[in-house]
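Everything below belongs to entry.pdb, which stores PDB, C-alpha atoms, pLDDT in the B column.
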```
ATOM      1  CA  MET A   1       0.000   0.000   0.000  1.00 57.00           C
ATOM      2  CA  ARG A   2       2.783   2.399   0.958  1.00 58.00           C
ATOM      3  CA  LYS A   3       4.581   1.728  -2.324  1.00 60.00           C
ATOM      4  CA  ALA A   4       1.366   2.379  -4.283  1.00 55.00           C
ATOM      5  CA  ILE A   5       0.796   5.687  -2.493  1.00 55.00           C
ATOM      6  CA  SER A   6       4.391   6.728  -3.167  1.00 55.00           C
ATOM      7  CA  MET A   7       4.121   5.829  -6.841  1.00 55.00           C
ATOM      8  CA  ILE A   8       0.875   7.794  -7.209  1.00 59.00           C
ATOM      9  CA  ALA A   9       2.445  10.807  -5.510  1.00 55.00           C
ATOM     10  CA  ALA A  10       5.502  10.554  -7.767  1.00 54.00           C
ATOM     11  CA  LEU A  11       3.302  10.390 -10.839  1.00 53.00           C
ATOM     12  CA  LEU A  12       1.398  13.477  -9.716  1.00 51.00           C
ATOM     13  CA  VAL A  13       4.678  15.353  -9.203  1.00 53.00           C
ATOM     14  CA  ALA A  14       5.883  14.380 -12.680  1.00 52.00           C
ATOM     15  CA  VAL A  15       2.560  15.301 -14.323  1.00 48.00           C
ATOM     16  CA  GLY A  16       2.558  18.636 -12.492  1.00 49.00           C
ATOM     17  CA  LEU A  17       6.022  19.434 -13.794  1.00 49.00           C
ATOM     18  CA  ILE A  18       5.039  18.616 -17.352  1.00 47.00           C
ATOM     19  CA  GLY A  19       1.948  20.791 -17.078  1.00 41.00           C
ATOM     20  CA  GLN A  20       3.816  23.862 -15.816  1.00 43.00           C
ATOM     21  CA  GLY A  21       6.699  23.581 -18.278  1.00 46.00           C
ATOM     22  CA  VAL A  22      10.359  23.677 -17.404  1.00 46.00           C
ATOM     23  CA  ALA A  23      12.498  26.781 -17.808  1.00 51.00           C
ATOM     24  CA  THR A  24      15.698  25.443 -19.372  1.00 58.00           C
ATOM     25  CA  ALA A  25      16.828  28.462 -21.393  1.00 66.00           C
ATOM     26  CA  GLY A  26      20.578  28.919 -21.284  1.00 82.00           C
ATOM     27  CA  TYR A  27      21.449  25.636 -19.575  1.00 90.00           C
ATOM     28  CA  THR A  28      23.552  22.969 -21.208  1.00 92.00           C
ATOM     29  CA  LYS A  29      23.886  19.337 -20.186  1.00 96.00           C
ATOM     30  CA  GLN A  30      25.064  18.919 -16.606  1.00 98.00           C
ATOM     31  CA  LYS A  31      26.549  16.006 -14.666  1.00 98.00           C
ATOM     32  CA  VAL A  32      25.963  16.520 -10.945  1.00 98.00           C
ATOM     33  CA  VAL A  33      26.448  14.490  -7.776  1.00 98.00           C
ATOM     34  CA  TYR A  34      24.694  15.436  -4.552  1.00 98.00           C
ATOM     35  CA  HIS A  35      26.394  14.193  -1.376  1.00 98.00           C
ATOM     36  CA  VAL A  36      24.270  13.257   1.662  1.00 98.00           C
ATOM     37  CA  ASN A  37      25.970  11.952   4.810  1.00 98.00           C
ATOM     38  CA  TYR A  38      23.772  13.521   7.505  1.00 98.00           C
ATOM     39  CA  ASP A  39      20.603  12.109   9.060  1.00 98.00           C
ATOM     40  CA  ASN A  40      18.589  15.210   9.945  1.00 98.00           C
ATOM     41  CA  PRO A  41      15.195  14.634   8.280  1.00 97.00           C
ATOM     42  CA  LYS A  42      14.591  18.349   7.633  1.00 98.00           C
ATOM     43  CA  LYS A  43      18.009  18.759   5.993  1.00 98.00           C
ATOM     44  CA  GLN A  44      17.425  15.640   3.923  1.00 98.00           C
ATOM     45  CA  ALA A  45      14.013  16.901   2.790  1.00 98.00           C
ATOM     46  CA  GLY A  46      15.703  20.207   1.955  1.00 98.00           C
ATOM     47  CA  ALA A  47      18.306  18.388  -0.135  1.00 98.00           C
ATOM     48  CA  LEU A  48      15.536  16.665  -2.089  1.00 98.00           C
ATOM     49  CA  ARG A  49      13.864  20.064  -2.637  1.00 98.00           C
ATOM     50  CA  ASN A  50      17.188  21.432  -3.931  1.00 98.00           C
ATOM     51  CA  ILE A  51      17.420  18.522  -6.343  1.00 98.00           C
ATOM     52  CA  GLN A  52      13.862  19.084  -7.599  1.00 98.00           C
ATOM     53  CA  ASN A  53      14.557  22.807  -8.017  1.00 98.00           C
ATOM     54  CA  HIS A  54      17.708  21.924  -9.976  1.00 98.00           C
ATOM     55  CA  ILE A  55      15.669  19.675 -12.277  1.00 98.00           C
ATOM     56  CA  ASN A  56      12.982  22.338 -12.670  1.00 97.00           C
ATOM     57  CA  ALA A  57      15.575  24.921 -13.728  1.00 96.00           C
ATOM     58  CA  VAL A  58      17.734  22.811 -16.022  1.00 97.00           C
ATOM     59  CA  GLY A  59      15.294  20.142 -17.209  1.00 96.00           C
ATOM     60  CA  ALA A  60      15.581  16.437 -16.515  1.00 96.00           C
ATOM     61  CA  GLU A  61      16.691  15.856 -20.101  1.00 96.00           C
ATOM     62  CA  ASN A  62      19.726  18.093 -19.454  1.00 97.00           C
ATOM     63  CA  LEU A  63      20.820  16.363 -16.250  1.00 97.00           C
ATOM     64  CA  ASP A  64      22.740  13.291 -15.270  1.00 98.00           C
ATOM     65  CA  LEU A  65      22.108  13.560 -11.537  1.00 98.00           C
ATOM     66  CA  LYS A  66      23.166  11.152  -8.811  1.00 98.00           C
ATOM     67  CA  VAL A  67      22.738  11.219  -5.054  1.00 98.00           C
ATOM     68  CA  VAL A  68      25.444   9.403  -3.080  1.00 98.00           C
ATOM     69  CA  LEU A  69      24.398   8.327   0.413  1.00 98.00           C
ATOM     70  CA  HIS A  70      26.776   7.007   3.048  1.00 98.00           C
ATOM     71  CA  GLY A  71      27.106   6.953   6.820  1.00 98.00           C
ATOM     72  CA  ASN A  72      24.249   8.769   8.532  1.00 98.00           C
ATOM     73  CA  GLY A  73      22.933   9.832   5.124  1.00 98.00           C
ATOM     74  CA  LEU A  74      21.575   6.335   4.612  1.00 98.00           C
ATOM     75  CA  ALA A  75      18.841   7.280   7.113  1.00 98.00           C
ATOM     76  CA  MET A  76      17.050   8.857   4.131  1.00 98.00           C
ATOM     77  CA  LEU A  77      16.280   5.337   2.895  1.00 98.00           C
ATOM     78  CA  VAL A  78      15.843   3.512   6.214  1.00 98.00           C
ATOM     79  CA  ASN A  79      12.283   2.302   6.751  1.00 98.00           C
ATOM     80  CA  PRO A  80      10.889   3.615  10.056  1.00 98.00           C
ATOM     81  CA  ASP A  81       9.778   0.096  11.062  1.00 97.00           C
ATOM     82  CA  SER A  82      13.407  -1.057  10.832  1.00 97.00           C
ATOM     83  CA  LEU A  83      14.847   1.526  13.228  1.00 97.00           C
ATOM     84  CA  PRO A  84      14.538  -0.658  16.372  1.00 97.00           C
ATOM     85  CA  ASN A  85      16.702  -3.293  14.641  1.00 95.00           C
ATOM     86  CA  LEU A  86      19.384  -0.802  13.576  1.00 97.00           C
ATOM     87  CA  PRO A  87      21.049   0.580  16.708  1.00 96.00           C
ATOM     88  CA  LYS A  88      23.700   2.440  14.698  1.00 96.00           C
ATOM     89  CA  PHE A  89      21.031   4.781  13.276  1.00 97.00           C
ATOM     90  CA  LYS A  90      19.316   7.591  15.198  1.00 97.00           C
ATOM     91  CA  HIS A  91      16.793   8.318  12.440  1.00 97.00           C
ATOM     92  CA  ALA A  92      14.812   6.352   9.872  1.00 98.00           C
ATOM     93  CA  ASN A  93      13.478   8.929   7.449  1.00 98.00           C
ATOM     94  CA  ALA A  94      11.892   6.843   4.671  1.00 98.00           C
ATOM     95  CA  ASP A  95       8.340   7.622   5.737  1.00 98.00           C
ATOM     96  CA  ASP A  96       5.563   7.972   3.146  1.00 97.00           C
ATOM     97  CA  GLN A  97       6.358  11.633   2.489  1.00 97.00           C
ATOM     98  CA  MET A  98      10.098  11.054   1.955  1.00 98.00           C
ATOM     99  CA  ALA A  99       9.398   7.970  -0.158  1.00 98.00           C
ATOM    100  CA  ALA A 100       7.077   9.977  -2.416  1.00 98.00           C
ATOM    101  CA  LYS A 101       9.783  12.624  -2.939  1.00 98.00           C
ATOM    102  CA  ILE A 102      12.361   9.946  -3.735  1.00 98.00           C
ATOM    103  CA  ASP A 103       9.992   8.245  -6.176  1.00 98.00           C
ATOM    104  CA  GLY A 104       9.249  11.566  -7.860  1.00 98.00           C
ATOM    105  CA  LEU A 105      12.951  12.218  -8.369  1.00 98.00           C
ATOM    106  CA  LYS A 106      13.598   8.693  -9.626  1.00 98.00           C
ATOM    107  CA  THR A 107      10.875   9.103 -12.270  1.00 98.00           C
ATOM    108  CA  GLN A 108      12.875  12.103 -13.508  1.00 98.00           C
ATOM    109  CA  GLY A 109      16.073  10.076 -13.854  1.00 98.00           C
ATOM    110  CA  VAL A 110      17.775  10.738 -10.516  1.00 98.00           C
ATOM    111  CA  ARG A 111      19.860   7.796  -9.291  1.00 98.00           C
ATOM    112  CA  PHE A 112      20.376   7.146  -5.592  1.00 98.00           C
ATOM    113  CA  GLN A 113      23.631   5.333  -4.849  1.00 98.00           C
ATOM    114  CA  VAL A 114      24.241   3.635  -1.508  1.00 98.00           C
ATOM    115  CA  CYS A 115      27.549   2.849   0.172  1.00 98.00           C
ATOM    116  CA  ALA A 116      28.232  -0.878   0.666  1.00 98.00           C
ATOM    117  CA  ASN A 117      30.561  -0.074   3.566  1.00 98.00           C
ATOM    118  CA  THR A 118      27.696   1.590   5.435  1.00 98.00           C
ATOM    119  CA  ILE A 119      25.344  -1.314   4.730  1.00 98.00           C
ATOM    120  CA  LYS A 120      27.885  -3.798   6.042  1.00 98.00           C
ATOM    121  CA  GLY A 121      29.212  -1.702   8.929  1.00 98.00           C
ATOM    122  CA  ARG A 122      25.757  -0.891  10.248  1.00 98.00           C
ATOM    123  CA  ALA A 123      24.319  -4.371   9.663  1.00 97.00           C
ATOM    124  CA  VAL A 124      21.589  -3.147   7.315  1.00 98.00           C
ATOM    125  CA  ASN A 125      19.445  -5.707   5.514  1.00 97.00           C
ATOM    126  CA  MET A 126      19.108  -4.124   2.090  1.00 94.00           C
ATOM    127  CA  GLU A 127      15.817  -5.847   1.242  1.00 94.00           C
ATOM    128  CA  ASN A 128      14.016  -5.300   4.547  1.00 96.00           C
ATOM    129  CA  ASP A 129      15.513  -2.130   6.018  1.00 98.00           C
ATOM    130  CA  LEU A 130      15.900   0.160   3.009  1.00 98.00           C
ATOM    131  CA  TYR A 131      13.311   1.823   0.828  1.00 98.00           C
ATOM    132  CA  ASP A 132      13.533   0.902  -2.871  1.00 97.00           C
ATOM    133  CA  VAL A 133      17.229   0.014  -3.125  1.00 98.00           C
ATOM    134  CA  ASP A 134      18.287  -2.469  -5.781  1.00 97.00           C
ATOM    135  CA  PRO A 135      21.644  -4.260  -6.021  1.00 97.00           C
ATOM    136  CA  GLU A 136      22.704  -1.972  -8.894  1.00 97.00           C
ATOM    137  CA  ASP A 137      22.271   1.032  -6.546  1.00 98.00           C
ATOM    138  CA  ILE A 138      25.075  -0.210  -4.277  1.00 98.00           C
ATOM    139  CA  VAL A 139      28.568   1.249  -4.712  1.00 98.00           C
ATOM    140  CA  PRO A 140      31.615  -0.160  -2.898  1.00 98.00           C
ATOM    141  CA  SER A 141      32.366   3.077  -1.031  1.00 98.00           C
ATOM    142  CA  GLY A 142      30.393   6.312  -0.881  1.00 98.00           C
ATOM    143  CA  VAL A 143      33.450   8.544  -0.631  1.00 98.00           C
ATOM    144  CA  ALA A 144      35.294   6.630  -3.353  1.00 98.00           C
ATOM    145  CA  GLU A 145      32.237   6.982  -5.592  1.00 98.00           C
ATOM    146  CA  LEU A 146      32.183  10.740  -4.989  1.00 98.00           C
ATOM    147  CA  ALA A 147      35.853  10.996  -6.004  1.00 98.00           C
ATOM    148  CA  LYS A 148      35.286   8.792  -9.057  1.00 98.00           C
ATOM    149  CA  LEU A 149      32.325  10.858 -10.239  1.00 98.00           C
ATOM    150  CA  GLN A 150      34.205  14.122  -9.746  1.00 98.00           C
ATOM    151  CA  GLY A 151      37.030  12.671 -11.798  1.00 98.00           C
ATOM    152  CA  GLU A 152      34.463  11.930 -14.524  1.00 98.00           C
ATOM    153  CA  GLY A 153      33.414  15.582 -14.589  1.00 98.00           C
ATOM    154  CA  TYR A 154      30.456  15.549 -12.203  1.00 98.00           C
ATOM    155  CA  THR A 155      29.933  18.761 -10.262  1.00 98.00           C
ATOM    156  CA  TYR A 156      29.912  18.107  -6.505  1.00 98.00           C
ATOM    157  CA  ILE A 157      27.094  19.597  -4.435  1.00 98.00           C
ATOM    158  CA  LYS A 158      26.592  19.140  -0.713  1.00 98.00           C
ATOM    159  CA  PRO A 159      23.276  20.726   0.274  1.00 96.00           C
TER     160      PRO A 159
END
```
Go ahead and express the file in the form of structure tokens.
Amino acid sequence: MRKAISMIAALLVAVGLIGQGVATAGYTKQKVVYHVNYDNPKKQAGALRNIQNHINAVGAENLDLKVVLHGNGLAMLVNPDSLPNLPKFKHANADDQMAAKIDGLKTQGVRFQVCANTIKGRAVNMENDLYDVDPEDIVPSGVAELAKLQGEGYTYIKP
């Protein structure tokens, strides 16, 4: 049920963006990586707003945008029901509202990449504890991935 609600919300976000048009004048293709390693739910929601504003300004078709999550940042994808089983996390922010924002961004091509070191070090069960993370979303190291992407020409942003 939660997944269905999130998907409906994401679809409404995408339809709303199409209906209002996207102001992309003057922007060329951009490769951008957003870095999230903090667990504050308000800051994380703010980061997702920044990402949506970026897409609105530049246009999804002009962006190759990735979000790299490691350490406390993984709280963005931790299911609230899993928090009691994950003592190394203070927050589990993947409630319905956060999930809908994530789904909306994913429908616009945003990729969320998750640090394998954090999953292992914090004993996270990828299938049960995390919201909508697939094996191809896992990177060996969050910080190494950030360095790799910057080396490939991605602009680094830490909201």
Exercise. Using all atoms listed in the file, which residues sit within 10 Å of stretch 154-158 of chain A once same-chain residues fewer than 6 positions away are excluded, as JSON, numbers by chain?
Worked result: {"A": [30, 31, 32, 33, 34, 35, 36, 37, 47, 51, 64, 65, 66, 67, 146, 147, 148]}
Result set of the PyMOL selection byres ((chain A and resi 137) around 10) on the coordinates above, as an mmCIF file with C-alpha atoms, in the coordinates of the input:
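Written file, out19.cif:
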```cif
data_model
loop_
_atom_site.group_PDB
_atom_site.id
_atom_site.type_symbol
_atom_site.label_atom_id
_atom_site.label_comp_id
_atom_site.auth_asym_id
_atom_site.auth_seq_id
_atom_site.Cartn_x
_atom_site.Cartn_y
_atom_site.Cartn_z
ATOM 1 C CA VAL A 68 25.444 9.403 -3.080
ATOM 2 C CA ARG A 111 19.860 7.796 -9.291
ATOM 3 C CA PHE A 112 20.376 7.146 -5.592
ATOM 4 C CA GLN A 113 23.631 5.333 -4.849
ATOM 5 C CA VAL A 114 24.241 3.635 -1.508
ATOM 6 C CA CYS A 115 27.549 2.849 0.172
ATOM 7 C CA ALA A 116 28.232 -0.878 0.666
ATOM 8 C CA ASP A 132 13.533 0.902 -2.871
ATOM 9 C CA VAL A 133 17.229 0.014 -3.125
ATOM 10 C CA ASP A 134 18.287 -2.469 -5.781
ATOM 11 C CA PRO A 135 21.644 -4.260 -6.021
ATOM 12 C CA GLU A 136 22.704 -1.972 -8.894
ATOM 13 C CA ILE A 138 25.075 -0.210 -4.277
ATOM 14 C CA VAL A 139 28.568 1.249 -4.712
#
```
Problem set entry | Target residues per the PyMOL selection byres ((chain A and resi 117) around 9), formatted as a list in words |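 Applied to this file, the PyMOL selection byres ((chain A and resi 117) around 9) selects His70, Gly71, Val114, Cys115, Ala116, Thr118, Ile119, Lys120, Gly121, Arg122, Val139, Pro140, Ser141 and Gly142 of chain A.
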For this session: Name the residues that the PyMOL selection byres ((chain A and resi 85) around 10) pulls out of this structure, and write them as a ChimeraX atom specification.
Result: /A:81-84,86-89,123-125,129
Selection export as a short mmCIF file (atom, residue, chain, number, x, y, z; two decimals), in the frame of the given file, atoms kept: C-alpha atoms:
```cif
data_model
loop_
_atom_site.label_atom_id
_atom_site.label_comp_id
_atom_site.auth_asym_id
_atom_site.auth_seq_id
_atom_site.Cartn_x
_atom_site.Cartn_y
_atom_site.Cartn_z
CA ASP A 81 9.78 0.10 11.06
CA SER A 82 13.41 -1.06 10.83
CA LEU A 83 14.85 1.53 13.23
CA PRO A 84 14.54 -0.66 16.37
CA LEU A 86 19.38 -0.80 13.58
CA PRO A 87 21.05 0.58 16.71
CA LYS A 88 23.70 2.44 14.70
CA PHE A 89 21.03 4.78 13.28
CA ALA A 123 24.32 -4.37 9.66
CA VAL A 124 21.59 -3.15 7.32
CA ASN A 125 19.44 -5.71 5.51
CA ASP A 129 15.51 -2.13 6.02
#
```
Exercise. If you measure from atom CA of A:Ala99 to atom CA of A:Pro80, what distance in Å do you get, rounded to one decimal?
Worked result: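 Here the two named atoms are 11.2 Å from each other.
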Problem set entry | Among listed residues A:Asn62, A:Gly46, A:Asn79, A:Glu145, nearest A:Glu127 (using all atoms listed in the file) |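 Answer, going by the shortest atom-to-atom distance: A:Asn79.
Each of A:Lys90, A:Gly26, A:Gly59, A:Leu69 was compared to A:Gly109 using all atoms listed in the file, and A:Gly59 turns out to be the nearest.
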Exercise. What gap, in Å, lies between atom CA of A:Ile55 and atom CA of A:Gly153?
Worked result: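 According to the coordinates, atom CA of A:Ile55 and atom CA of A:Gly153 are separated by 18.4 Å.
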Edge lengths and centre in Å to one decimal, as AutoDock Vina command-line options, of the axis-aligned box that encloses all listed atoms of stretch 28-37 of chain A with 3 Å added on every side?
```
--center_x 25.1 --center_y 17.5 --center_z -8.2 --size_x 9.0 --size_y 17.0 --size_z 32.0
```
For this session: Tell me, as a PyMOL selection string, which residues lie within 6 Å of A:Leu130, counting all atoms listed in the file; anything in the same chain fewer than 3 positions away does not count.
Result: chain A and resi 77-79+126
Could you model N, CA and C atoms for stretch 102-135 of chain A and present them as a short mmCIF file (atom, residue, chain, number, x, y, z; two decimals), in the frame of the given file?
```
data_model
loop_
_atom_site.label_atom_id
_atom_site.label_comp_id
_atom_site.auth_asym_id
_atom_site.auth_seq_id
_atom_site.Cartn_x
_atom_site.Cartn_y
_atom_site.Cartn_z
N ILE A 102 11.34 10.77 -3.09
CA ILE A 102 12.36 9.95 -3.74
C ILE A 102 11.82 9.35 -5.03
N ASP A 103 10.60 8.82 -4.98
CA ASP A 103 9.99 8.24 -6.18
C ASP A 103 9.83 9.28 -7.28
N GLY A 104 9.41 10.49 -6.88
CA GLY A 104 9.25 11.57 -7.86
C GLY A 104 10.56 11.91 -8.54
N LEU A 105 11.64 11.93 -7.79
CA LEU A 105 12.95 12.22 -8.37
C LEU A 105 13.43 11.08 -9.26
N LYS A 106 13.19 9.85 -8.82
CA LYS A 106 13.60 8.69 -9.63
C LYS A 106 12.88 8.68 -10.97
N THR A 107 11.60 9.08 -10.99
CA THR A 107 10.88 9.10 -12.27
C THR A 107 11.45 10.14 -13.22
N GLN A 108 12.24 11.07 -12.68
CA GLN A 108 12.88 12.10 -13.51
C GLN A 108 14.34 11.77 -13.82
N GLY A 109 14.75 10.55 -13.49
CA GLY A 109 16.07 10.08 -13.85
C GLY A 109 17.14 10.17 -12.78
N VAL A 110 16.79 10.64 -11.60
CA VAL A 110 17.77 10.74 -10.52
C VAL A 110 18.12 9.34 -10.02
N ARG A 111 19.41 9.08 -9.83
CA ARG A 111 19.86 7.80 -9.29
C ARG A 111 20.38 7.98 -7.88
N PHE A 112 19.92 7.15 -6.98
CA PHE A 112 20.38 7.15 -5.59
C PHE A 112 21.37 6.01 -5.43
N GLN A 113 22.59 6.33 -5.00
CA GLN A 113 23.63 5.33 -4.85
C GLN A 113 23.98 5.20 -3.37
N VAL A 114 24.10 3.96 -2.92
CA VAL A 114 24.24 3.64 -1.51
C VAL A 114 25.58 2.94 -1.26
N CYS A 115 26.23 3.35 -0.21
CA CYS A 115 27.55 2.85 0.17
C CYS A 115 27.47 1.44 0.77
N ALA A 116 28.18 0.49 0.16
CA ALA A 116 28.23 -0.88 0.67
C ALA A 116 28.91 -0.94 2.03
N ASN A 117 29.90 -0.08 2.26
CA ASN A 117 30.56 -0.07 3.57
C ASN A 117 29.59 0.27 4.69
N THR A 118 28.69 1.22 4.43
CA THR A 118 27.70 1.59 5.44
C THR A 118 26.72 0.44 5.67
N ILE A 119 26.28 -0.18 4.60
CA ILE A 119 25.34 -1.31 4.73
C ILE A 119 25.97 -2.41 5.59
N LYS A 120 27.20 -2.73 5.29
CA LYS A 120 27.88 -3.80 6.04
C LYS A 120 28.20 -3.35 7.47
N GLY A 121 28.78 -2.18 7.62
CA GLY A 121 29.21 -1.70 8.93
C GLY A 121 28.08 -1.44 9.91
N ARG A 122 26.90 -1.17 9.37
CA ARG A 122 25.76 -0.89 10.25
C ARG A 122 24.74 -2.03 10.23
N ALA A 123 25.13 -3.15 9.67
CA ALA A 123 24.32 -4.37 9.66
C ALA A 123 22.91 -4.12 9.12
N VAL A 124 22.86 -3.46 7.96
CA VAL A 124 21.59 -3.15 7.32
C VAL A 124 21.21 -4.28 6.37
N ASN A 125 19.97 -4.73 6.46
CA ASN A 125 19.44 -5.71 5.51
C ASN A 125 18.85 -4.92 4.37
N MET A 126 19.50 -4.96 3.23
CA MET A 126 19.11 -4.12 2.09
C MET A 126 17.64 -4.33 1.70
N GLU A 127 17.18 -5.56 1.70
CA GLU A 127 15.82 -5.85 1.24
C GLU A 127 14.76 -5.44 2.25
N ASN A 128 15.04 -5.57 3.53
CA ASN A 128 14.02 -5.30 4.55
C ASN A 128 14.10 -3.91 5.17
N ASP A 129 15.32 -3.37 5.27
CA ASP A 129 15.51 -2.13 6.02
C ASP A 129 15.51 -0.87 5.17
N LEU A 130 15.75 -1.01 3.86
CA LEU A 130 15.90 0.16 3.01
C LEU A 130 14.74 0.30 2.03
N TYR A 131 14.38 1.54 1.77
CA TYR A 131 13.31 1.82 0.83
C TYR A 131 13.85 1.82 -0.61
N ASP A 132 13.33 0.92 -1.42
CA ASP A 132 13.53 0.90 -2.87
C ASP A 132 15.00 0.98 -3.29
N VAL A 133 15.82 0.10 -2.74
CA VAL A 133 17.23 0.01 -3.12
C VAL A 133 17.45 -1.33 -3.81
N ASP A 134 17.99 -1.27 -5.01
CA ASP A 134 18.29 -2.47 -5.78
C ASP A 134 19.79 -2.73 -5.75
N PRO A 135 20.21 -3.96 -6.04
CA PRO A 135 21.64 -4.26 -6.02
C PRO A 135 22.48 -3.32 -6.90
#
```
